$ cat model-v5.txt   # compact mmCIF, C-alpha atoms
# COMPACT_ATOMS: atom_id res chain seq x y z
CA MET W 21 -0.93 22.51 42.50
CA ILE W 22 1.45 20.43 40.42
CA PHE W 23 3.96 22.62 38.58
CA ARG W 24 6.91 21.29 36.62
CA GLN W 25 9.42 23.33 34.63
CA LEU W 26 11.06 21.10 32.02
CA PHE W 27 14.12 22.00 29.96
CA ASP W 28 15.35 21.09 26.49
CA SER W 29 19.08 21.85 26.48
CA VAL W 30 19.43 21.67 22.68
CA SER W 31 17.12 24.62 22.01
CA GLY W 32 17.18 26.25 25.45
CA THR W 33 13.40 25.79 25.68
CA TYR W 34 11.36 25.66 28.87
CA SER W 35 8.11 23.71 28.86
CA TYR W 36 5.66 23.85 31.75
CA LEU W 37 3.35 21.10 33.01
CA LEU W 38 0.44 22.29 35.18
CA ALA W 39 -2.29 20.47 37.08
CA SER W 40 -4.39 21.22 40.15
CA ARG W 41 -4.01 17.73 41.66
CA ALA W 42 -2.61 14.24 41.16
CA GLY W 43 -5.06 12.10 39.21
CA GLY W 44 -6.53 15.15 37.47
CA GLU W 45 -6.36 17.06 34.22
CA ALA W 46 -3.09 18.59 33.03
CA LEU W 47 -1.94 21.26 30.62
CA ILE W 48 1.47 21.74 29.00
CA LEU W 49 2.98 24.95 27.58
CA ASP W 50 5.54 25.03 24.75
CA PRO W 51 6.32 21.29 24.46
CA VAL W 52 9.34 20.17 22.39
CA LEU W 53 8.93 17.20 20.02
CA GLU W 54 12.07 15.37 21.16
CA LYS W 55 10.89 15.47 24.80
CA ALA W 56 7.48 13.84 24.15
CA ASP W 57 8.56 10.55 25.75
CA ARG W 58 9.65 12.40 28.88
CA TYR W 59 6.36 14.31 29.11
CA CYS W 60 4.32 11.14 28.72
CA GLN W 61 6.43 9.34 31.32
CA LEU W 62 5.91 12.23 33.76
CA LEU W 63 2.16 12.23 33.09
CA ARG W 64 2.05 8.53 33.96
CA GLU W 65 4.19 8.98 37.08
CA LEU W 66 2.01 11.82 38.36
CA ASP W 67 -1.21 10.07 37.28
CA LEU W 68 -2.27 13.01 35.10
CA ARG W 69 -4.42 13.21 31.98
CA LEU W 70 -3.14 15.73 29.45
CA VAL W 71 -6.15 17.61 28.08
CA LYS W 72 -4.59 20.78 26.62
CA ALA W 73 -1.26 21.69 25.00
CA ILE W 74 -0.38 25.32 24.23
CA ASP W 75 2.29 26.94 22.09
CA THR W 76 2.85 30.59 23.01
CA HIS W 77 3.81 31.30 19.38
CA LEU W 78 5.11 29.63 16.21
CA HIS W 79 8.60 28.56 17.27
CA ALA W 80 11.64 28.92 15.01
CA ASP W 81 14.23 27.08 17.09
CA HIS W 82 12.62 23.71 17.73
CA VAL W 83 9.88 21.49 16.35
CA THR W 84 6.77 21.69 18.51
CA GLY W 85 5.49 18.71 20.46
CA LEU W 86 1.83 19.70 19.92
CA GLY W 87 1.13 17.24 17.12
CA GLU W 88 2.88 14.32 18.81
CA LEU W 89 1.13 14.93 22.14
CA ARG W 90 -2.22 15.27 20.36
CA ASP W 91 -1.63 11.90 18.67
CA ARG W 92 -0.55 10.20 21.91
CA THR W 93 -3.06 11.73 24.36
CA GLN W 94 -5.86 13.14 22.14
CA CYS W 95 -5.38 16.50 23.88
CA ILE W 96 -6.69 19.82 22.56
CA THR W 97 -3.99 21.94 20.88
CA ILE W 98 -4.13 25.70 21.44
CA MET W 99 -2.52 28.77 19.85
CA GLY W 100 -3.48 32.36 19.21
CA GLU W 101 -5.93 33.25 16.46
CA GLN W 102 -3.12 34.89 14.42
CA SER W 103 -1.12 31.67 14.15
CA LYS W 104 -0.38 30.20 10.71
CA ALA W 105 0.01 26.70 12.22
CA ASP W 106 -2.55 24.14 11.08
CA VAL W 107 -2.31 21.96 14.19
CA VAL W 108 -4.52 24.25 16.23
CA SER W 109 -7.82 22.83 17.42
CA MET W 110 -8.68 25.84 19.60
CA ARG W 111 -7.65 29.39 18.76
CA VAL W 112 -7.64 32.01 21.49
CA SER W 113 -7.53 35.80 21.54
CA ASP W 114 -6.77 38.51 24.08
CA GLY W 115 -9.04 38.32 27.13
CA ASP W 116 -10.01 34.67 26.66
CA LYS W 117 -9.47 32.08 29.39
CA VAL W 118 -7.93 28.61 29.03
CA THR W 119 -9.27 26.29 31.72
CA ILE W 120 -8.66 22.79 32.94
CA GLU W 121 -9.96 21.20 36.13
CA GLY W 122 -8.98 23.53 38.98
CA LEU W 123 -6.86 25.97 36.94
CA CYS W 124 -7.50 29.00 34.76
CA LEU W 125 -5.05 30.91 32.53
CA ASP W 126 -5.84 34.43 31.31
CA VAL W 127 -4.88 34.92 27.67
CA MET W 128 -2.81 38.02 26.84
CA TYR W 129 -1.94 38.94 23.25
CA THR W 130 1.67 40.17 23.41
CA PRO W 131 2.93 40.45 19.81
CA GLY W 132 6.37 41.69 18.81
CA HIS W 133 8.67 38.67 18.80
CA THR W 134 6.22 37.24 16.26
CA ASP W 135 2.77 38.41 15.22
CA ASP W 136 1.20 35.41 16.98
CA SER W 137 2.97 35.75 20.36
CA TYR W 138 0.84 35.27 23.47
CA SER W 139 1.45 35.27 27.20
CA TYR W 140 -0.60 33.34 29.77
CA LEU W 141 -1.27 34.71 33.26
CA MET W 142 -2.10 32.29 36.07
CA GLY W 143 -2.48 33.87 39.49
CA ASP W 144 0.97 34.77 40.79
CA ARG W 145 2.87 33.86 37.61
CA VAL W 146 2.97 34.72 33.92
CA PHE W 147 4.25 32.55 31.09
CA THR W 148 5.73 35.07 28.70
CA GLY W 149 6.81 32.88 25.77
CA ASP W 150 9.59 34.73 23.94
CA THR W 151 8.13 38.19 24.54
CA LEU W 152 9.84 38.90 27.87
CA LEU W 153 12.89 36.80 28.75
CA ILE W 154 14.98 36.85 31.92
CA ARG W 155 17.26 39.88 31.45
CA GLY W 156 16.36 39.95 27.77
CA THR W 157 13.52 40.14 25.24
CA GLY W 158 12.67 38.04 22.20
CA ARG W 159 14.21 39.10 18.89
CA THR W 160 11.88 40.95 16.52
CA ASP W 161 13.59 40.59 13.14
CA PHE W 162 11.61 37.72 11.53
CA GLN W 163 8.15 36.07 11.43
CA ASN W 164 6.40 39.45 11.20
CA GLY W 165 8.12 40.61 14.36
CA SER W 166 7.89 44.26 15.39
CA SER W 167 9.99 46.09 17.97
CA ARG W 168 7.25 48.71 18.29
CA ALA W 169 4.60 46.06 18.99
CA GLN W 170 6.91 44.33 21.44
CA TYR W 171 7.55 47.57 23.33
CA GLU W 172 3.78 47.99 23.70
CA SER W 173 3.36 44.37 24.80
CA ILE W 174 6.09 44.62 27.42
CA PHE W 175 5.74 48.16 28.77
CA ASN W 176 1.96 48.54 28.51
CA ARG W 177 0.88 44.98 29.31
CA LEU W 178 3.41 42.76 31.06
CA LEU W 179 5.18 45.41 33.16
CA LYS W 180 1.77 46.63 34.39
CA LEU W 181 1.34 43.33 36.26
CA PRO W 182 2.15 43.37 40.02
CA GLU W 183 5.92 43.54 40.59
CA GLU W 184 5.94 40.26 42.54
CA THR W 185 4.45 38.34 39.59
CA LEU W 186 6.77 35.46 38.69
CA VAL W 187 8.08 35.47 35.10
CA TYR W 188 8.45 32.09 33.41
CA PRO W 189 9.77 32.46 29.83
CA ALA W 190 9.84 29.89 27.02
CA HIS W 191 13.63 30.17 26.69
CA ASP W 192 16.77 30.86 28.62
CA TYR W 193 20.35 30.41 27.48
CA LYS W 194 22.18 31.34 30.70
CA GLY W 195 20.68 28.91 33.21
CA ASP W 196 18.15 31.24 34.85
CA THR W 197 14.80 29.61 35.58
CA VAL W 198 12.51 32.33 36.92
CA SER W 199 12.38 36.06 37.55
CA THR W 200 9.77 38.62 38.59
CA ILE W 201 8.20 41.60 36.86
CA GLY W 202 9.89 43.93 39.38
CA GLU W 203 13.32 42.38 38.78
CA GLU W 204 12.97 42.72 35.02
CA LYS W 205 11.86 46.35 35.32
CA ARG W 206 14.98 47.16 37.30
CA HIS W 207 17.64 44.86 35.90
CA ASN W 208 16.72 43.84 32.34
CA PRO W 209 19.19 45.81 30.18
CA ARG W 210 16.80 45.98 27.23
CA LEU W 211 14.12 47.65 29.33
CA GLN W 212 16.30 50.57 30.46
CA VAL W 213 15.14 52.73 27.55
CA ARG W 214 13.39 56.09 27.74
CA ASN W 215 10.88 55.54 24.94
CA VAL W 216 9.74 53.30 22.10
CA ASP W 217 12.17 54.85 19.60
CA GLU W 218 15.15 53.96 21.79
CA TYR W 219 13.84 50.41 22.08
CA ILE W 220 13.41 50.09 18.31
CA GLU W 221 16.97 51.34 17.78
CA LEU W 222 18.36 48.92 20.39
CA MET W 223 16.59 45.93 18.80
CA ALA W 224 17.66 46.96 15.29
CA ASN W 225 21.32 46.78 16.29
CA LEU W 226 21.39 43.29 17.85
CA LYS W 227 22.70 41.68 14.62
CA LEU W 228 21.73 38.16 15.68
CA PRO W 229 22.24 35.10 13.44
CA ASN W 230 19.10 33.16 12.49
CA PRO W 231 18.26 30.23 14.79
CA LYS W 232 20.05 27.08 13.62
CA MET W 233 16.78 25.15 13.33
CA MET W 234 14.76 27.94 11.70
CA ASP W 235 14.58 26.52 8.15
CA VAL W 236 13.40 23.18 9.53
CA ALA W 237 11.30 24.25 12.52
CA VAL W 238 9.08 26.93 11.00
CA PRO W 239 7.74 24.84 8.06
CA ALA W 240 7.42 21.77 10.32
CA ASN W 241 5.53 23.72 12.96
CA MET W 242 3.10 25.09 10.38
CA HIS W 243 2.10 21.63 9.16
CA VAL W 244 1.42 19.21 11.97
CA GLY W 245 -2.36 19.27 11.74
CA LEU W 246 -4.48 16.16 11.35
CA HIS W 247 -4.96 15.16 7.73
CA GLN W 248 -8.73 15.40 7.57
CA GLU W 249 -8.79 14.24 3.95
CA GLU W 250 -8.18 10.68 5.22
CA LEU W 251 -11.55 10.72 6.95
CA ALA W 252 -13.14 12.09 3.79
CA LYS W 253 -11.70 9.19 1.78
CA GLN W 254 -13.28 6.77 4.25
CA GLY W 255 -16.66 8.46 3.85
CA LEU W 256 -16.55 9.77 7.43
CA ALA W 257 -16.61 13.48 6.61
CA LEU W 258 -19.23 15.97 5.47
CA SER W 259 -18.20 19.15 3.71
CA ALA W 260 -19.59 22.26 5.36
CA ARG W 261 -21.98 22.71 2.42
CA ASP W 262 -23.26 19.12 2.70
CA ALA W 263 -23.66 19.59 6.43
CA ILE W 264 -25.76 22.71 5.85
CA ASN W 265 -27.96 20.78 3.43
CA SER W 266 -28.44 18.05 6.04
CA LEU W 267 -29.82 20.45 8.68
CA GLY W 268 -33.08 19.13 10.08
CA ARG W 269 -32.64 15.62 8.73
CA PRO W 270 -34.10 13.16 11.30
CA ASP W 271 -31.34 10.60 10.77
CA ILE W 272 -28.50 12.96 11.79
CA LEU W 273 -27.51 14.17 15.25
CA LEU W 274 -25.13 17.15 15.26
CA VAL W 275 -22.77 17.20 18.25
CA ASP W 276 -20.82 20.36 19.15
CA LEU W 277 -17.48 19.51 20.82
CA ARG W 278 -16.43 23.08 21.56
CA GLU W 279 -16.24 24.63 25.01
CA THR W 280 -18.89 26.99 26.38
CA GLY W 281 -16.69 30.08 25.87
CA GLU W 282 -16.07 29.22 22.20
CA ARG W 283 -19.80 28.75 21.60
CA ALA W 284 -20.62 32.10 23.20
CA LYS W 285 -17.97 33.85 21.13
CA HIS W 286 -18.46 32.21 17.72
CA GLY W 287 -22.09 31.05 17.80
CA THR W 288 -23.83 27.69 17.74
CA ILE W 289 -25.69 25.57 15.21
CA SER W 290 -29.38 25.24 15.94
CA GLY W 291 -30.41 21.82 17.24
CA ALA W 292 -26.87 20.60 17.96
CA LEU W 293 -26.18 18.68 21.15
CA HIS W 294 -23.37 20.12 23.29
CA ALA W 295 -20.78 17.55 24.44
CA PRO W 296 -17.41 19.25 25.13
CA TYR W 297 -14.47 17.30 23.71
CA PRO W 298 -12.55 16.66 26.98
CA GLY W 299 -15.42 14.41 28.12
CA ILE W 300 -15.72 12.48 24.85
CA SER W 301 -14.31 9.18 26.11
CA GLU W 302 -16.79 9.10 29.02
CA SER W 303 -19.63 9.99 26.67
CA LEU W 304 -18.81 7.10 24.33
CA LYS W 305 -18.56 4.42 27.01
CA PRO W 306 -21.51 2.06 27.64
CA GLY W 307 -24.01 4.17 29.57
CA GLY W 308 -22.41 7.40 28.32
CA MET W 309 -24.70 10.09 26.92
CA LEU W 310 -23.62 9.98 23.26
CA ARG W 311 -23.56 6.21 23.09
CA GLU W 312 -27.03 5.95 24.62
CA VAL W 313 -28.53 8.68 22.42
CA ALA W 314 -27.04 7.10 19.29
CA ALA W 315 -28.33 3.66 20.30
CA ALA W 316 -31.80 4.91 21.24
CA THR W 317 -32.34 6.99 18.09
CA GLY W 318 -30.29 5.12 15.48
CA ARG W 319 -29.08 8.50 14.19
CA CYS W 320 -25.68 9.15 12.64
CA VAL W 321 -23.63 11.23 15.08
CA VAL W 322 -21.95 14.10 13.19
CA PHE W 323 -19.29 15.81 15.31
CA PHE W 324 -18.09 19.36 14.74
CA CYS W 325 -15.70 21.73 16.50
CA ALA W 326 -13.84 24.93 15.59
CA PHE W 327 -11.61 23.71 12.73
CA GLY W 328 -12.16 19.95 12.45
CA GLU W 329 -9.26 18.73 14.62
CA ARG W 330 -11.24 17.70 17.69
CA SER W 331 -14.08 16.28 15.59
CA ALA W 332 -11.60 14.15 13.60
CA MET W 333 -10.24 12.78 16.88
CA ALA W 334 -13.81 12.19 18.11
CA VAL W 335 -14.61 10.07 15.03
CA ALA W 336 -11.52 7.95 15.77
CA ALA W 337 -12.49 7.68 19.46
CA ALA W 338 -16.05 6.64 18.52
CA LYS W 339 -14.70 3.97 16.16
CA ASN W 340 -12.43 2.63 18.92
CA ALA W 341 -15.42 2.58 21.28
CA GLY W 342 -17.43 0.51 18.80
CA LEU W 343 -19.70 3.32 17.63
CA ALA W 344 -19.48 3.06 13.85
CA ASN W 345 -22.23 5.40 12.65
CA THR W 346 -20.34 8.68 13.02
CA ALA W 347 -18.82 11.42 10.84
CA HIS W 348 -17.54 14.95 11.22
CA ILE W 349 -17.83 18.33 9.52
CA GLU W 350 -14.58 19.04 7.67
CA GLY W 351 -13.05 22.34 8.76
CA GLY W 352 -15.53 22.75 11.62
CA ILE W 353 -17.71 25.77 12.27
CA ASP W 354 -15.01 27.92 10.66
CA ALA W 355 -15.70 26.24 7.30
CA TRP W 356 -19.45 26.24 8.02
CA LYS W 357 -19.48 30.04 8.45
CA LYS W 358 -17.33 30.59 5.35
CA VAL W 359 -19.96 29.01 3.11
CA GLY W 360 -22.83 30.90 4.75
CA GLY W 361 -24.02 28.32 7.29
CA PRO W 362 -26.50 29.74 9.82
CA VAL W 363 -25.30 30.29 13.37
CA VAL W 364 -27.17 31.35 16.50
CA MET W 365 -25.44 34.02 18.59
CA GLY W 366 -26.05 34.61 22.28

$ encode --input "model-v5.txt" --output "structure tokens"
Amino acid sequence: MIFRQLFDSVSGTYSYLLASRAGGEALILDPVLEKADRYCQLLRELDLRLVKAIDTHLHADHVTGLGELRDRTQCITIMGEQSKADVVSMRVSDGDKVTIEGLCLDVMYTPGHTDDSYSYLMGDRVFTGDTLLIRGTGRTDFQNGSSRAQYESIFNRLLKLPEETLVYPAHDYKGDTVSTIGEEKRHNPRLQVRNVDEYIELMANLKLPNPKMMDVAVPANMHVGLHQEELAKQGLALSARDAINSLGRPDILLVDLRETGERAKHGTISGALHAPYPGISESLKPGGMLREVAAATGRCVVFFCAFGERSAMAVAAAKNAGLANTAHIEGGIDAWKKVGGPVVMG
């Protein structure tokens, strides 16, 4: 396995690059905007293709690299379903799995630092975001934070993992790089409390100043999504209502870019072809499935995904591949469901 822990000294942020092999797919956790050049250089050096980028929560101390990496690599951006950020092309919830070639991360909802805080468990290690830090815990006094929720997340979720589980947080300000669940149980001063009330009192008396970047980072991190209205202006978008009205039309081919787990959880649209987004470039090449189907049938390929991010990127990829007769459903299946579009479950 390829595992790289990368550090941004300005914000004290750790980002993690994961892949199962050289030449394969890669995933990055908690990327920082200013480090995008470094990440892309490392991807080239290790011959990796970035397919997924995750933020463990909406950060207040740095501007996320999700949008920049999406623009440079066309990767899928991932956050929890509670997130207010618009960049997200795949939203996950507790119990889901995030997969790339050869690797699987178990999704754990661990709110408290913020209401959209998640941790990701991969075998012998857990990426805890700002929920559990090395000899500390994430503050709970803004962004809908809750000391009570954080106590539950730490004591009833994270500390129940095997003691030898490695702890990789999103931040450290003292120079520590890794810990274990057992170490934190025994030596983390904030965890030496007898009950939730003691923990709430401890957190209430920290009296921490707001992060220096907070007023810049939070609004910036909420608005790095693709501007889908540009595609609409070019006539390359269907509203969800128009898409519903086009169901069954012989000149349109609906293509679902979501992953199998998303389809099982949120339903499918009858008659849509399934072509998961990570394989889109292969599918659009000469001889690729989508290109051949489009050529053989003469139908307009209408992409859709969860929220319209991946489908917007697919329209751009199709255009670059010389496939002009494409469009996407604005807002994805989320918008489709909101206006009463039929879905097939199971």

$ closest_residue --input "model-v5.txt" --among "W:Ala355, W:Ile74, W:Leu186, W:Ile154" --to "Arg261 of chain W" --atoms "only C-alpha atoms"
W:Ala355

$ closest_atom_pairs --input "model-v5.txt" --of "segment 45-125 of chain W" --to "segment 296-316 of chain W" --cutoff "10 Å" --atoms "all atoms listed in the file" --output "tab-separated table"
residue	atom	partner	partner_atom	distance
W:Glu45	CA	W:Pro298	CA	9.5
W:Leu70	CA	W:Pro298	CA	9.8
W:Val71	CA	W:Pro298	CA	6.6
W:Lys72	CA	W:Pro298	CA	9.0
W:Gln94	CA	W:Pro298	CA	9.0
W:Cys95	CA	W:Pro298	CA	7.8
W:Ile96	CA	W:Pro298	CA	8.0
W:Ile120	CA	W:Pro298	CA	9.4

$ residues_near_point --input "model-v5.txt" --point "(-15.2, 11.8, 16.8)" --cutoff "12 Å" --atoms "all atoms listed in the file" --output "PDB file with C-alpha atoms, in the coordinates of the input"
ATOM      1  CA  GLN W  94      -5.860  13.140  22.140  1.00  0.00           C
ATOM      2  CA  GLN W 248      -8.730  15.400   7.570  1.00  0.00           C
ATOM      3  CA  LEU W 251     -11.550  10.720   6.950  1.00  0.00           C
ATOM      4  CA  LEU W 256     -16.550   9.770   7.430  1.00  0.00           C
ATOM      5  CA  ALA W 257     -16.610  13.480   6.610  1.00  0.00           C
ATOM      6  CA  LEU W 274     -25.130  17.150  15.260  1.00  0.00           C
ATOM      7  CA  VAL W 275     -22.770  17.200  18.250  1.00  0.00           C
ATOM      8  CA  ASP W 276     -20.820  20.360  19.150  1.00  0.00           C
ATOM      9  CA  LEU W 277     -17.480  19.510  20.820  1.00  0.00           C
ATOM     10  CA  ALA W 295     -20.780  17.550  24.440  1.00  0.00           C
ATOM     11  CA  PRO W 296     -17.410  19.250  25.130  1.00  0.00           C
ATOM     12  CA  TYR W 297     -14.470  17.300  23.710  1.00  0.00           C
ATOM     13  CA  PRO W 298     -12.550  16.660  26.980  1.00  0.00           C
ATOM     14  CA  GLY W 299     -15.420  14.410  28.120  1.00  0.00           C
ATOM     15  CA  ILE W 300     -15.720  12.480  24.850  1.00  0.00           C
ATOM     16  CA  SER W 301     -14.310   9.180  26.110  1.00  0.00           C
ATOM     17  CA  SER W 303     -19.630   9.990  26.670  1.00  0.00           C
ATOM     18  CA  LEU W 304     -18.810   7.100  24.330  1.00  0.00           C
ATOM     19  CA  LEU W 310     -23.620   9.980  23.260  1.00  0.00           C
ATOM     20  CA  ARG W 311     -23.560   6.210  23.090  1.00  0.00           C
ATOM     21  CA  CYS W 320     -25.680   9.150  12.640  1.00  0.00           C
ATOM     22  CA  VAL W 321     -23.630  11.230  15.080  1.00  0.00           C
ATOM     23  CA  VAL W 322     -21.950  14.100  13.190  1.00  0.00           C
ATOM     24  CA  PHE W 323     -19.290  15.810  15.310  1.00  0.00           C
ATOM     25  CA  PHE W 324     -18.090  19.360  14.740  1.00  0.00           C
ATOM     26  CA  CYS W 325     -15.700  21.730  16.500  1.00  0.00           C
ATOM     27  CA  GLY W 328     -12.160  19.950  12.450  1.00  0.00           C
ATOM     28  CA  GLU W 329      -9.260  18.730  14.620  1.00  0.00           C
ATOM     29  CA  ARG W 330     -11.240  17.700  17.690  1.00  0.00           C
ATOM     30  CA  SER W 331     -14.080  16.280  15.590  1.00  0.00           C
ATOM     31  CA  ALA W 332     -11.600  14.150  13.600  1.00  0.00           C
ATOM     32  CA  MET W 333     -10.240  12.780  16.880  1.00  0.00           C
ATOM     33  CA  ALA W 334     -13.810  12.190  18.110  1.00  0.00           C
ATOM     34  CA  VAL W 335     -14.610  10.070  15.030  1.00  0.00           C
ATOM     35  CA  ALA W 336     -11.520   7.950  15.770  1.00  0.00           C
ATOM     36  CA  ALA W 337     -12.490   7.680  19.460  1.00  0.00           C
ATOM     37  CA  ALA W 338     -16.050   6.640  18.520  1.00  0.00           C
ATOM     38  CA  LYS W 339     -14.700   3.970  16.160  1.00  0.00           C
ATOM     39  CA  ASN W 340     -12.430   2.630  18.920  1.00  0.00           C
ATOM     40  CA  ALA W 341     -15.420   2.580  21.280  1.00  0.00           C
ATOM     41  CA  GLY W 342     -17.430   0.510  18.800  1.00  0.00           C
ATOM     42  CA  LEU W 343     -19.700   3.320  17.630  1.00  0.00           C
ATOM     43  CA  ALA W 344     -19.480   3.060  13.850  1.00  0.00           C
ATOM     44  CA  ASN W 345     -22.230   5.400  12.650  1.00  0.00           C
ATOM     45  CA  THR W 346     -20.340   8.680  13.020  1.00  0.00           C
ATOM     46  CA  ALA W 347     -18.820  11.420  10.840  1.00  0.00           C
ATOM     47  CA  HIS W 348     -17.540  14.950  11.220  1.00  0.00           C
ATOM     48  CA  ILE W 349     -17.830  18.330   9.520  1.00  0.00           C
ATOM     49  CA  GLU W 350     -14.580  19.040   7.670  1.00  0.00           C
TER      50      GLU W 350
END

$ closest_residue --input "model-v5.txt" --among "W:Gly245, W:Gly149, W:Pro182, W:Gly122" --to "Arg90 of chain W" --atoms "all atoms listed in the file"
W:Gly245

$ atom_distance --input "model-v5.txt" --atom1 "atom CA of Val244 of chain W" --atom2 "atom CA of Val108 of chain W"
8.9 Å

$ residues_around --input "model-v5.txt" --residues "segment 216-227 of chain W" --least-positions-apart "6" --cutoff "10 Å" --atoms "only C-alpha atoms" --output "list in words"
Thr157, Gly158, Arg159, Thr160, Asp161, Ser166, Ser167, Arg168, Ala169, Gln170, Tyr171, Glu172, Phe175 and Arg210 of chain W

$ closest_residue --input "model-v5.txt" --among "W:Ile289, W:Ala39, W:Leu86, W:Ala260" --to "Gly352 of chain W" --atoms "only C-alpha atoms"
W:Ala260

$ atom_distance --input "model-v5.txt" --atom1 "atom CA of Ala240 of chain W" --atom2 "atom CA of Val83 of chain W"
6.5 Å

$ closest_residue --input "model-v5.txt" --among "W:Met142, W:Met110, W:Val198, W:Ala73" --to "Cys124 of chain W" --atoms "all atoms listed in the file"
W:Met142

$ closest_residue --input "model-v5.txt" --among "W:Leu141, W:Leu153, W:Leu38, W:Leu63" --to "Tyr193 of chain W" --atoms "only C-alpha atoms"
W:Leu153

$ atom_distance --input "model-v5.txt" --atom1 "atom CA of Leu47 of chain W" --atom2 "atom CA of Asn208 of chain W"
29.3 Å

$ residues_around --input "model-v5.txt" --residues "Asp57 of chain W" --least-positions-apart "5" --cutoff "12 Å" --atoms "only C-alpha atoms" --output "PyMOL selection string"
chain W and resi 51-52+62-64+85+88-89+92-93

$ closest_residue --input "model-v5.txt" --among "W:Ala56, W:Ile22, W:Ala80, W:Leu125" --to "Met234 of chain W" --atoms "all atoms listed in the file"
W:Ala80

$ residues_around --input "model-v5.txt" --residues "Gly43 of chain W" --least-positions-apart "5" --cutoff "9 Å" --atoms "only C-alpha atoms" --output "PDB file with C-alpha atoms, in the coordinates of the input"
ATOM      1  CA  LEU W  66       2.010  11.820  38.360  1.00  0.00           C
ATOM      2  CA  ASP W  67      -1.210  10.070  37.280  1.00  0.00           C
ATOM      3  CA  LEU W  68      -2.270  13.010  35.100  1.00  0.00           C
ATOM      4  CA  ARG W  69      -4.420  13.210  31.980  1.00  0.00           C
TER       5      ARG W  69
END
